[in-house]
Amino acid sequence: MLLAKPSDLISFFFYSYFSLLLLLLCSLQVRSAFSFMPVSVTHHHRRPSTICSMEPSTIFFQPTVSLTTAAVEKAIAAGEIEAEKNGWKVTIAITDTSAPILVKRCAGAFPASYNIAVEKARTAVQFQKKTGDLENAANVADGSSRTALLSAPYVLMRGGVPFFMNNICVGAVGVSGVAPDQDEQVANAAVDALNQLMKSKL
């Protein structure tokens with residue numbers, strides 16, 4: 001039986017220890033290369049946005065109605081008939097909520113009536129009120145008035161009448177050329193025509 005030298009035993013144990021250490025390091029490297037970091041599953045309660053948190057009944061958009069050229073032409077014709085019946089020379093303007101759609105200056109109407117009619121219609125649709133009501137508010141009556149309205153860039157003269165559909169103002173008629181009450185009478189005739197059209201289509 002051969003006995004190993006002490007130096008051989010030391011070398012054997014040294015190389016064995018070194019090999020085990022190297023193998024352990026290699027296994028750790030391989031494991032780290034193919035391992036994934038654990039992800040903790042937590043429920044984050046995000047703060048809901050303002051829109052999503054509102055009640056389902058909240059209304060963000062509202063349907064509206066636009067006047068067509070065909071409807072406006074019928075309204076102009078109705079106003080023109082009312083004016084001719086009384087011998088009035090007027091200008092009739094109809095606007096939607098953004099701009100004039102159609103303006104008719106009848107024969108004999110003075111030139112300035114064109115711009116006045118357009119501005120009456122614009123004032124009525126933007127205030128959503130008859131310009132006659134605004135004129136009454138601006139005029140002095142019993143020592144009181146709403147004179148601040150006079151500084152607004154609008155025509156506060158009777159003859160502008162708004163048109164409503166489903167309680168929404170969709171346009172207005174402005175008339176100029178004769179007396180204030182007569183202008184409003186012609187405007188009312190045009191608005192009545194629009195109302196009849198609306199009823200016939202519902």
# chains A, B, ... in the order shown; residues from 1 in each chain; ligands from 1
>>> residues_around(residues="Gly159 in chain A", least_positions_apart="2", cutoff="6 Å", atoms="only C-alpha atoms", output="ChimeraX atom specification")
/A:174-175,183-184
>>> closest_atom_pairs(of="range 74-111 of chain A", to="range 121-141 of chain A", cutoff="10 Å", atoms="only C-alpha atoms", output="tab-separated table")
residue	atom	partner	partner_atom	distance
A:Ile92	CA	A:Ala121	CA	9.1
A:Ala93	CA	A:Ala121	CA	6.6
A:Ile94	CA	A:Ala121	CA	6.4
A:Thr95	CA	A:Ala121	CA	6.2
A:Asp96	CA	A:Val125	CA	7.4
A:Thr97	CA	A:Val125	CA	6.2
A:Ser98	CA	A:Arg122	CA	8.5
A:Ala99	CA	A:Arg122	CA	7.6
A:Pro100	CA	A:Arg122	CA	7.8
>>> write_last_selection(atoms="N, CA, C and O atoms", output="JSON list (two decimals), in the first residue's frame")
[["chain", "number", "residue", "atom", "x", "y", "z"],
["A", 92, "ILE", "N", -84.50, 92.88, -44.40],
["A", 92, "ILE", "CA", -84.70, 91.75, -43.49],
["A", 92, "ILE", "C", -83.41, 90.92, -43.48],
["A", 92, "ILE", "O", -82.92, 90.50, -44.53],
["A", 93, "ALA", "N", -82.90, 90.70, -42.30],
["A", 93, "ALA", "CA", -81.67, 89.90, -42.14],
["A", 93, "ALA", "C", -81.94, 88.74, -41.20],
["A", 93, "ALA", "O", -82.61, 88.90, -40.17],
["A", 94, "ILE", "N", -81.43, 87.57, -41.56],
["A", 94, "ILE", "CA", -81.56, 86.39, -40.70],
["A", 94, "ILE", "C", -80.17, 85.82, -40.47],
["A", 94, "ILE", "O", -79.39, 85.61, -41.41],
["A", 95, "THR", "N", -79.87, 85.56, -39.21],
["A", 95, "THR", "CA", -78.56, 85.03, -38.83],
["A", 95, "THR", "C", -78.73, 83.78, -37.98],
["A", 95, "THR", "O", -79.77, 83.58, -37.35],
["A", 96, "ASP", "N", -77.72, 82.93, -38.00],
["A", 96, "ASP", "CA", -77.69, 81.83, -37.03],
["A", 96, "ASP", "C", -76.83, 82.30, -35.86],
["A", 96, "ASP", "O", -76.64, 83.50, -35.67],
["A", 97, "THR", "N", -76.30, 81.39, -35.06],
["A", 97, "THR", "CA", -75.55, 81.80, -33.89],
["A", 97, "THR", "C", -74.14, 82.30, -34.21],
["A", 97, "THR", "O", -73.43, 82.73, -33.30],
["A", 98, "SER", "N", -73.74, 82.25, -35.47],
["A", 98, "SER", "CA", -72.38, 82.66, -35.82],
["A", 98, "SER", "C", -72.32, 83.85, -36.78],
["A", 98, "SER", "O", -71.52, 84.76, -36.57],
["A", 99, "ALA", "N", -73.16, 83.85, -37.81],
["A", 99, "ALA", "CA", -73.06, 84.90, -38.82],
["A", 99, "ALA", "C", -74.35, 84.99, -39.62],
["A", 99, "ALA", "O", -75.17, 84.05, -39.61],
["A", 100, "PRO", "N", -74.54, 86.11, -40.34],
["A", 100, "PRO", "CA", -75.74, 86.24, -41.17],
["A", 100, "PRO", "C", -75.79, 85.17, -42.26],
["A", 100, "PRO", "O", -74.77, 84.80, -42.84]]
>>> residues_around(residues="Glu80 in chain A", least_positions_apart="5", cutoff="9 Å", atoms="only C-alpha atoms", output="ChimeraX atom specification")
/A:75,85,90-92,104,106,186,189-190
>>> residues_around(residues="Gly177 in chain A", least_positions_apart="3", cutoff="9 Å", atoms="only C-alpha atoms", output="ChimeraX atom specification")
/A:88-91,109-110,112-114,116-117,180,182-183
>>> write_last_selection(atoms="C-alpha atoms", output="mmCIF file, in the first residue's frame")
data_model
loop_
_atom_site.group_PDB
_atom_site.id
_atom_site.type_symbol
_atom_site.label_atom_id
_atom_site.label_comp_id
_atom_site.auth_asym_id
_atom_site.auth_seq_id
_atom_site.Cartn_x
_atom_site.Cartn_y
_atom_site.Cartn_z
ATOM 1 C CA TRP A 88 -93.253 99.166 -45.708
ATOM 2 C CA LYS A 89 -89.821 99.375 -47.334
ATOM 3 C CA VAL A 90 -87.493 97.343 -45.146
ATOM 4 C CA THR A 91 -84.379 95.222 -45.030
ATOM 5 C CA ALA A 109 -85.391 100.548 -48.331
ATOM 6 C CA PHE A 110 -82.796 103.170 -47.375
ATOM 7 C CA ALA A 112 -78.353 102.201 -43.859
ATOM 8 C CA SER A 113 -81.199 99.771 -43.098
ATOM 9 C CA TYR A 114 -78.991 96.932 -44.378
ATOM 10 C CA ILE A 116 -78.894 98.080 -38.983
ATOM 11 C CA ALA A 117 -80.974 94.981 -39.768
ATOM 12 C CA PRO A 180 -89.596 100.345 -34.368
ATOM 13 C CA GLN A 182 -93.330 97.983 -37.491
ATOM 14 C CA ASP A 183 -89.798 96.541 -37.797
#
>>> select_by_dssp(residues="range 49-99 of chain A", states="strand (DSSP E or B)", output="PyMOL selection string")
chain A and resi 91-95
>>> write_last_selection(atoms="C-alpha atoms", output="PDB file, in the first residue's frame")
ATOM      1  CA  THR A  91     -84.379  95.222 -45.030  1.00  0.00           C
ATOM      2  CA  ILE A  92     -84.696  91.749 -43.494  1.00  0.00           C
ATOM      3  CA  ALA A  93     -81.674  89.905 -42.142  1.00  0.00           C
ATOM      4  CA  ILE A  94     -81.556  86.390 -40.695  1.00  0.00           C
ATOM      5  CA  THR A  95     -78.559  85.029 -38.829  1.00  0.00           C
TER       6      THR A  95
END
>>> atom_distance(atom1="CA of Lys74 in chain A", atom2="CA of Val170 in chain A")
16.1 Å
>>> atom_distance(atom1="CA of Cys169 in chain A", atom2="CA of Tyr154 in chain A")
17.7 Å
